[in-house]
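Participant: Below is one structure. I have some questions about it.
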Amino acid sequence: MSSEELIQEFPFRRAGYPAIAWFPPRKTDTMSEVIVAVCSFDWIRNVQVDLQANQVQTSGNRPLHKVKHIIAVASCKGGVGKSTIAVNLAFTLAKLGGKVGIMDADIYGPSLSILVSIGNYATLQLLNGFYWSSISVKLMSFGYINTESAIMRGPMIANMMNQLLTETDWGCLDYLVIDMPPGTGDIQLTICQTISLDAAVIVTTPQQLSFQDVIKGIYMFDKVSVPCVALVENMAYLEPKDMPNKRYYLFGNGKGQKIADDYGIPFMESLPLDPDLCRWSDSGTPAVLVVSESKIAQLYHALASAVVQEIAKRAFGNRSKVPQVVFDSDKCAIVISNIDPSDGNTIHNQVEWSPWELRNACRCALCVDEWTGMERPKHVDRNVKPLQIQSAGNYAFSVVWSDGHQSLYPFERVAHTKVQESAYSNTPASTQG
Ligand SMILES: [Zn+2]
């Protein structure tokens, strides 16, 4: 493999990211190759190679103790292409050099066995011999075991899920991708509580994309302290093959970027409606393996890299950099303290919000019209108080208010400046337009 190709595959290539920290599994073979390759670029100033065995922490309730990171791919509704995305994400992670498994947790409508047929899979290993190693991804789905769809009730489902997850010989994995059943109900919550997920990717489509739905998903993961690291707006547009510069937004422009911004989801991607993808999916082959030079493969590459980066940031990052949020009852203010990242101790600066101001700054679907982006008229009691303040992953905190409202605030939006401060500070209670 040439140095150029090597760099292309290098997931930390994005600007501003140090060229260290994550390597494909065949470490010793690859080490010197990586150093030579990285040094061959004139923009490289300094190469620091950190080779770690990365002992897996057997923390808490994780039964999959040889699995380093577990990623949930979830959607609030069915039919958004979540499983296709889970499969292609898993295979892209494997292309990046990770040891990867994918578990189809949709007992009612298992689709992994259709998207990756075992017959094709054997051939694929040969097809992809030109990668570092042949791409092999461990697969488990109820569909491989039972071709009839399951008629089961709650407890049986939970049992079956548990068996598939914990009794499958996953071996040592860098990433296990869980294709979650659609929705945000008990089954989903059970999965989240059974295994400690590291990150969630939420999938939606423009026409079904509503604040309410995606936010339901964010809140579900929030309950179990799982950060949503990426939002994927699937089937967002069509690029005709003969007119590659044209893009048709068949279902209107989605609101994905707005949600990602509002809720502090670090990565958002719109995926096209791709006939190739559908064709390969139908034939039981992950598209990113066969059309590996295509635009769609590049988009998956970007998604997988972003997910890897976010997980790495959270696993190795300095957690004390997360601002602290407390309610100071003497001042009657919600105080957000930004911690100096250099020592993780000193308070850099503090932003104070009156409860009323912060409650008014809520951007949830009840407070903001999802289509127009306009704030809905609301009356907030001047004496509103926070009953509970909880951090939500590394990116946001949630507040339960005394008027029963629940809000989620990304630090990015409230930890540094008070947005729209003037819009609120002069207006006593009353309505907001
Ligand atoms: Zn709200």
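Chain lettering (A, B, ...) mirrors the order of the structure tokens, residue numbering begins at 1 for each chain separately, and ligand numbering begins at 1 in order of display.
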Please, which residues have at least one atom within 9 Å of an atom of ligand 1, using only C-alpha atoms and all ligand atoms, listed as a PyMOL selection string?
Facilitator: chain A and resi 359-368+405-408
Participant: Residues of the last selection are to be written out with N, CA, C and O atoms, as a PDB file, in the first residue's frame.
Facilitator:
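The file below, selection13.pdb, is the result:
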ATOM      1  N   ARG A 359     -35.000  29.171  31.012  1.00  0.00           N
ATOM      2  CA  ARG A 359     -36.228  28.453  30.641  1.00  0.00           C
ATOM      3  C   ARG A 359     -36.755  29.007  29.315  1.00  0.00           C
ATOM      4  O   ARG A 359     -37.210  28.272  28.447  1.00  0.00           O
ATOM      5  N   ASN A 360     -36.654  30.330  29.135  1.00  0.00           N
ATOM      6  CA  ASN A 360     -37.109  30.943  27.892  1.00  0.00           C
ATOM      7  C   ASN A 360     -36.210  30.612  26.712  1.00  0.00           C
ATOM      8  O   ASN A 360     -36.622  30.666  25.564  1.00  0.00           O
ATOM      9  N   ALA A 361     -34.962  30.278  26.996  1.00  0.00           N
ATOM     10  CA  ALA A 361     -34.015  29.979  25.914  1.00  0.00           C
ATOM     11  C   ALA A 361     -34.133  28.540  25.418  1.00  0.00           C
ATOM     12  O   ALA A 361     -33.378  28.112  24.556  1.00  0.00           O
ATOM     13  N   CYS A 362     -35.087  27.790  25.963  1.00  0.00           N
ATOM     14  CA  CYS A 362     -35.282  26.402  25.532  1.00  0.00           C
ATOM     15  C   CYS A 362     -35.638  26.364  24.051  1.00  0.00           C
ATOM     16  O   CYS A 362     -36.386  27.200  23.556  1.00  0.00           O
ATOM     17  N   ARG A 363     -35.070  25.382  23.354  1.00  0.00           N
ATOM     18  CA  ARG A 363     -35.317  25.283  21.920  1.00  0.00           C
ATOM     19  C   ARG A 363     -36.018  23.966  21.566  1.00  0.00           C
ATOM     20  O   ARG A 363     -35.877  23.466  20.444  1.00  0.00           O
ATOM     21  N   CYS A 364     -36.710  23.385  22.497  1.00  0.00           N
ATOM     22  CA  CYS A 364     -37.360  22.103  22.213  1.00  0.00           C
ATOM     23  C   CYS A 364     -38.557  22.312  21.283  1.00  0.00           C
ATOM     24  O   CYS A 364     -38.943  23.435  20.987  1.00  0.00           O
ATOM     25  N   ALA A 365     -39.127  21.201  20.836  1.00  0.00           N
ATOM     26  CA  ALA A 365     -40.196  21.287  19.840  1.00  0.00           C
ATOM     27  C   ALA A 365     -41.435  21.989  20.369  1.00  0.00           C
ATOM     28  O   ALA A 365     -42.221  22.541  19.610  1.00  0.00           O
ATOM     29  N   LEU A 366     -41.602  21.954  21.686  1.00  0.00           N
ATOM     30  CA  LEU A 366     -42.747  22.659  22.248  1.00  0.00           C
ATOM     31  C   LEU A 366     -42.506  24.170  22.251  1.00  0.00           C
ATOM     32  O   LEU A 366     -43.440  24.957  22.217  1.00  0.00           O
ATOM     33  N   CYS A 367     -41.238  24.539  22.291  1.00  0.00           N
ATOM     34  CA  CYS A 367     -40.912  25.963  22.395  1.00  0.00           C
ATOM     35  C   CYS A 367     -40.661  26.607  21.032  1.00  0.00           C
ATOM     36  O   CYS A 367     -40.819  27.809  20.866  1.00  0.00           O
ATOM     37  N   VAL A 368     -40.220  25.789  20.069  1.00  0.00           N
ATOM     38  CA  VAL A 368     -39.867  26.340  18.759  1.00  0.00           C
ATOM     39  C   VAL A 368     -40.582  25.541  17.681  1.00  0.00           C
ATOM     40  O   VAL A 368     -40.571  24.311  17.708  1.00  0.00           O
ATOM     41  N   HIS A 405     -41.716  21.433  32.557  1.00  0.00           N
ATOM     42  CA  HIS A 405     -41.039  21.414  31.270  1.00  0.00           C
ATOM     43  C   HIS A 405     -39.655  20.774  31.409  1.00  0.00           C
ATOM     44  O   HIS A 405     -39.039  20.856  32.462  1.00  0.00           O
ATOM     45  N   GLN A 406     -39.219  20.117  30.325  1.00  0.00           N
ATOM     46  CA  GLN A 406     -37.862  19.558  30.315  1.00  0.00           C
ATOM     47  C   GLN A 406     -37.090  20.182  29.184  1.00  0.00           C
ATOM     48  O   GLN A 406     -37.594  20.275  28.068  1.00  0.00           O
ATOM     49  N   SER A 407     -35.864  20.572  29.445  1.00  0.00           N
ATOM     50  CA  SER A 407     -35.057  21.217  28.408  1.00  0.00           C
ATOM     51  C   SER A 407     -33.688  20.574  28.344  1.00  0.00           C
ATOM     52  O   SER A 407     -33.197  20.038  29.327  1.00  0.00           O
ATOM     53  N   LEU A 408     -33.117  20.645  27.148  1.00  0.00           N
ATOM     54  CA  LEU A 408     -31.752  20.165  26.956  1.00  0.00           C
ATOM     55  C   LEU A 408     -30.947  21.317  26.366  1.00  0.00           C
ATOM     56  O   LEU A 408     -31.362  21.937  25.390  1.00  0.00           O
TER      57      LEU A 408
END
Participant: Please list as a ChimeraX atom specification every residue within 9 Å of Met161 (chain A), counting only C-alpha atoms and excluding residues in the same chain fewer than 5 positions away.
Facilitator: /A:105-107,142,156,166,191
Participant: Show me, as a ChimeraX atom specification, the residues that have an atom within 12 Å of Gly404 (chain A) when counting only C-alpha atoms, minus same-chain residues fewer than 4 positions from it.
Facilitator: /A:359,380-381,384-388,399-400
Participant: Could you dump the residues just selected with all heavy atoms as a PDB file, in the first residue's frame?
Facilitator:
ATOM      1  N   ARG A 359     -35.000  29.171  31.012  1.00  0.00           N
ATOM      2  CA  ARG A 359     -36.228  28.453  30.641  1.00  0.00           C
ATOM      3  C   ARG A 359     -36.755  29.007  29.315  1.00  0.00           C
ATOM      4  O   ARG A 359     -37.210  28.272  28.447  1.00  0.00           O
ATOM      5  CB  ARG A 359     -37.247  28.602  31.772  1.00  0.00           C
ATOM      6  CG  ARG A 359     -38.670  28.164  31.476  1.00  0.00           C
ATOM      7  CD  ARG A 359     -38.801  26.670  31.299  1.00  0.00           C
ATOM      8  NE  ARG A 359     -40.204  26.341  31.034  1.00  0.00           N
ATOM      9  CZ  ARG A 359     -40.785  26.463  29.843  1.00  0.00           C
ATOM     10  NH1 ARG A 359     -40.082  26.852  28.804  1.00  0.00           N
ATOM     11  NH2 ARG A 359     -42.061  26.172  29.688  1.00  0.00           N
ATOM     12  N   VAL A 380     -43.949  31.997  30.583  1.00  0.00           N
ATOM     13  CA  VAL A 380     -43.136  31.343  31.597  1.00  0.00           C
ATOM     14  C   VAL A 380     -43.268  32.105  32.897  1.00  0.00           C
ATOM     15  O   VAL A 380     -43.077  33.327  32.941  1.00  0.00           O
ATOM     16  CB  VAL A 380     -41.659  31.280  31.153  1.00  0.00           C
ATOM     17  CG1 VAL A 380     -40.803  30.659  32.256  1.00  0.00           C
ATOM     18  CG2 VAL A 380     -41.512  30.485  29.867  1.00  0.00           C
ATOM     19  N   ASP A 381     -43.597  31.378  33.935  1.00  0.00           N
ATOM     20  CA  ASP A 381     -43.737  31.981  35.264  1.00  0.00           C
ATOM     21  C   ASP A 381     -42.396  32.582  35.682  1.00  0.00           C
ATOM     22  O   ASP A 381     -41.358  31.935  35.584  1.00  0.00           O
ATOM     23  CB  ASP A 381     -44.160  30.879  36.251  1.00  0.00           C
ATOM     24  CG  ASP A 381     -44.530  31.456  37.622  1.00  0.00           C
ATOM     25  OD1 ASP A 381     -43.954  32.502  37.998  1.00  0.00           O
ATOM     26  OD2 ASP A 381     -45.385  30.854  38.293  1.00  0.00           O
ATOM     27  N   VAL A 384     -40.141  30.492  37.983  1.00  0.00           N
ATOM     28  CA  VAL A 384     -39.770  29.125  37.593  1.00  0.00           C
ATOM     29  C   VAL A 384     -38.383  28.782  38.161  1.00  0.00           C
ATOM     30  O   VAL A 384     -37.491  29.632  38.246  1.00  0.00           O
ATOM     31  CB  VAL A 384     -39.813  28.979  36.038  1.00  0.00           C
ATOM     32  CG1 VAL A 384     -38.658  29.711  35.389  1.00  0.00           C
ATOM     33  CG2 VAL A 384     -39.840  27.519  35.626  1.00  0.00           C
ATOM     34  N   LYS A 385     -38.232  27.513  38.607  1.00  0.00           N
ATOM     35  CA  LYS A 385     -36.955  27.081  39.198  1.00  0.00           C
ATOM     36  C   LYS A 385     -36.553  25.734  38.605  1.00  0.00           C
ATOM     37  O   LYS A 385     -37.416  24.952  38.231  1.00  0.00           O
ATOM     38  CB  LYS A 385     -37.117  26.894  40.716  1.00  0.00           C
ATOM     39  CG  LYS A 385     -37.391  28.150  41.514  1.00  0.00           C
ATOM     40  CD  LYS A 385     -36.108  28.840  41.880  1.00  0.00           C
ATOM     41  CE  LYS A 385     -36.273  30.154  42.609  1.00  0.00           C
ATOM     42  NZ  LYS A 385     -37.447  30.955  42.316  1.00  0.00           N
ATOM     43  N   PRO A 386     -35.264  25.480  38.561  1.00  0.00           N
ATOM     44  CA  PRO A 386     -34.863  24.134  38.120  1.00  0.00           C
ATOM     45  C   PRO A 386     -35.026  23.137  39.267  1.00  0.00           C
ATOM     46  O   PRO A 386     -34.613  23.422  40.388  1.00  0.00           O
ATOM     47  CB  PRO A 386     -33.381  24.322  37.772  1.00  0.00           C
ATOM     48  CG  PRO A 386     -32.924  25.468  38.610  1.00  0.00           C
ATOM     49  CD  PRO A 386     -34.116  26.346  38.830  1.00  0.00           C
ATOM     50  N   LEU A 387     -35.661  21.992  38.992  1.00  0.00           N
ATOM     51  CA  LEU A 387     -35.796  20.963  40.017  1.00  0.00           C
ATOM     52  C   LEU A 387     -34.621  19.999  39.942  1.00  0.00           C
ATOM     53  O   LEU A 387     -34.181  19.438  40.921  1.00  0.00           O
ATOM     54  CB  LEU A 387     -37.103  20.183  39.832  1.00  0.00           C
ATOM     55  CG  LEU A 387     -38.404  20.979  39.974  1.00  0.00           C
ATOM     56  CD1 LEU A 387     -39.598  20.060  39.797  1.00  0.00           C
ATOM     57  CD2 LEU A 387     -38.461  21.669  41.341  1.00  0.00           C
ATOM     58  N   GLN A 388     -34.147  19.799  38.707  1.00  0.00           N
ATOM     59  CA  GLN A 388     -33.062  18.836  38.514  1.00  0.00           C
ATOM     60  C   GLN A 388     -32.181  19.305  37.356  1.00  0.00           C
ATOM     61  O   GLN A 388     -32.694  19.699  36.310  1.00  0.00           O
ATOM     62  CB  GLN A 388     -33.667  17.471  38.186  1.00  0.00           C
ATOM     63  CG  GLN A 388     -32.689  16.341  38.294  1.00  0.00           C
ATOM     64  CD  GLN A 388     -33.308  15.031  37.811  1.00  0.00           C
ATOM     65  OE1 GLN A 388     -33.979  14.981  36.788  1.00  0.00           O
ATOM     66  NE2 GLN A 388     -33.080  13.974  38.549  1.00  0.00           N
ATOM     67  N   VAL A 399     -32.411  20.001  32.028  1.00  0.00           N
ATOM     68  CA  VAL A 399     -33.032  20.630  33.199  1.00  0.00           C
ATOM     69  C   VAL A 399     -34.496  20.210  33.272  1.00  0.00           C
ATOM     70  O   VAL A 399     -35.201  20.247  32.263  1.00  0.00           O
ATOM     71  CB  VAL A 399     -32.953  22.174  33.117  1.00  0.00           C
ATOM     72  CG1 VAL A 399     -33.604  22.809  34.347  1.00  0.00           C
ATOM     73  CG2 VAL A 399     -31.517  22.652  32.977  1.00  0.00           C
ATOM     74  N   VAL A 400     -34.910  19.780  34.444  1.00  0.00           N
ATOM     75  CA  VAL A 400     -36.340  19.581  34.692  1.00  0.00           C
ATOM     76  C   VAL A 400     -36.807  20.801  35.487  1.00  0.00           C
ATOM     77  O   VAL A 400     -36.239  21.125  36.529  1.00  0.00           O
ATOM     78  CB  VAL A 400     -36.600  18.297  35.501  1.00  0.00           C
ATOM     79  CG1 VAL A 400     -38.088  18.132  35.778  1.00  0.00           C
ATOM     80  CG2 VAL A 400     -36.052  17.079  34.768  1.00  0.00           C
TER      81      VAL A 400
END
Participant: Among the residues of region 67-111 of chain A, find those DSSP assigns to alpha helix (DSSP H) from the backbone and print them as a PDB file with N, CA and C atoms, in the first residue's frame.
Facilitator:
ATOM      1  N   LYS A  82     -32.180   2.663   8.462  1.00  0.00           N
ATOM      2  CA  LYS A  82     -31.254   2.555   9.596  1.00  0.00           C
ATOM      3  C   LYS A  82     -30.337   1.339   9.477  1.00  0.00           C
ATOM      4  N   SER A  83     -30.923   0.188   9.089  1.00  0.00           N
ATOM      5  CA  SER A  83     -30.117  -1.031   9.043  1.00  0.00           C
ATOM      6  C   SER A  83     -29.041  -0.950   7.972  1.00  0.00           C
ATOM      7  N   THR A  84     -29.401  -0.383   6.825  1.00  0.00           N
ATOM      8  CA  THR A  84     -28.419  -0.210   5.751  1.00  0.00           C
ATOM      9  C   THR A  84     -27.263   0.655   6.246  1.00  0.00           C
ATOM     10  N   ILE A  85     -27.604   1.685   6.981  1.00  0.00           N
ATOM     11  CA  ILE A  85     -26.561   2.577   7.492  1.00  0.00           C
ATOM     12  C   ILE A  85     -25.708   1.865   8.536  1.00  0.00           C
ATOM     13  N   ALA A  86     -26.361   1.085   9.399  1.00  0.00           N
ATOM     14  CA  ALA A  86     -25.602   0.345  10.417  1.00  0.00           C
ATOM     15  C   ALA A  86     -24.600  -0.600   9.755  1.00  0.00           C
ATOM     16  N   VAL A  87     -25.067  -1.317   8.721  1.00  0.00           N
ATOM     17  CA  VAL A  87     -24.202  -2.286   8.035  1.00  0.00           C
ATOM     18  C   VAL A  87     -23.028  -1.576   7.356  1.00  0.00           C
ATOM     19  N   ASN A  88     -23.335  -0.524   6.619  1.00  0.00           N
ATOM     20  CA  ASN A  88     -22.262   0.156   5.894  1.00  0.00           C
ATOM     21  C   ASN A  88     -21.305   0.898   6.832  1.00  0.00           C
ATOM     22  N   LEU A  89     -21.843   1.364   7.938  1.00  0.00           N
ATOM     23  CA  LEU A  89     -20.966   1.973   8.949  1.00  0.00           C
ATOM     24  C   LEU A  89     -20.014   0.918   9.512  1.00  0.00           C
ATOM     25  N   ALA A  90     -20.574  -0.249   9.832  1.00  0.00           N
ATOM     26  CA  ALA A  90     -19.749  -1.323  10.403  1.00  0.00           C
ATOM     27  C   ALA A  90     -18.642  -1.732   9.434  1.00  0.00           C
ATOM     28  N   PHE A  91     -18.995  -1.912   8.169  1.00  0.00           N
ATOM     29  CA  PHE A  91     -17.992  -2.344   7.190  1.00  0.00           C
ATOM     30  C   PHE A  91     -16.978  -1.233   6.898  1.00  0.00           C
ATOM     31  N   THR A  92     -17.421   0.024   6.996  1.00  0.00           N
ATOM     32  CA  THR A  92     -16.464   1.120   6.813  1.00  0.00           C
ATOM     33  C   THR A  92     -15.488   1.170   7.987  1.00  0.00           C
ATOM     34  N   LEU A  93     -15.994   0.939   9.195  1.00  0.00           N
ATOM     35  CA  LEU A  93     -15.105   0.894  10.362  1.00  0.00           C
ATOM     36  C   LEU A  93     -14.076  -0.227  10.178  1.00  0.00           C
ATOM     37  N   ALA A  94     -14.537  -1.337   9.604  1.00  0.00           N
ATOM     38  CA  ALA A  94     -13.613  -2.443   9.354  1.00  0.00           C
ATOM     39  C   ALA A  94     -12.589  -2.051   8.282  1.00  0.00           C
ATOM     40  N   LYS A  95     -13.040  -1.293   7.266  1.00  0.00           N
ATOM     41  CA  LYS A  95     -12.103  -0.815   6.236  1.00  0.00           C
ATOM     42  C   LYS A  95     -11.051   0.108   6.844  1.00  0.00           C
TER      43      LYS A  95
END
Participant: Go ahead and compute the interatomic distance for CA of Leu299 (chain A) and CA of Lys313 (chain A), in Å to one decimal.
Facilitator: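 Distance between the two atoms: 20.9 Å.
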Participant: Nearest residue to Val288 (chain A) out of A:Leu96, A:Ala230, A:Ile35, A:Val73, using only C-alpha atoms?
Facilitator: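 Checking each of A:Leu96, A:Ala230, A:Ile35, A:Val73 against Val288 (chain A), counting only C-alpha atoms, the winner is A:Leu96.
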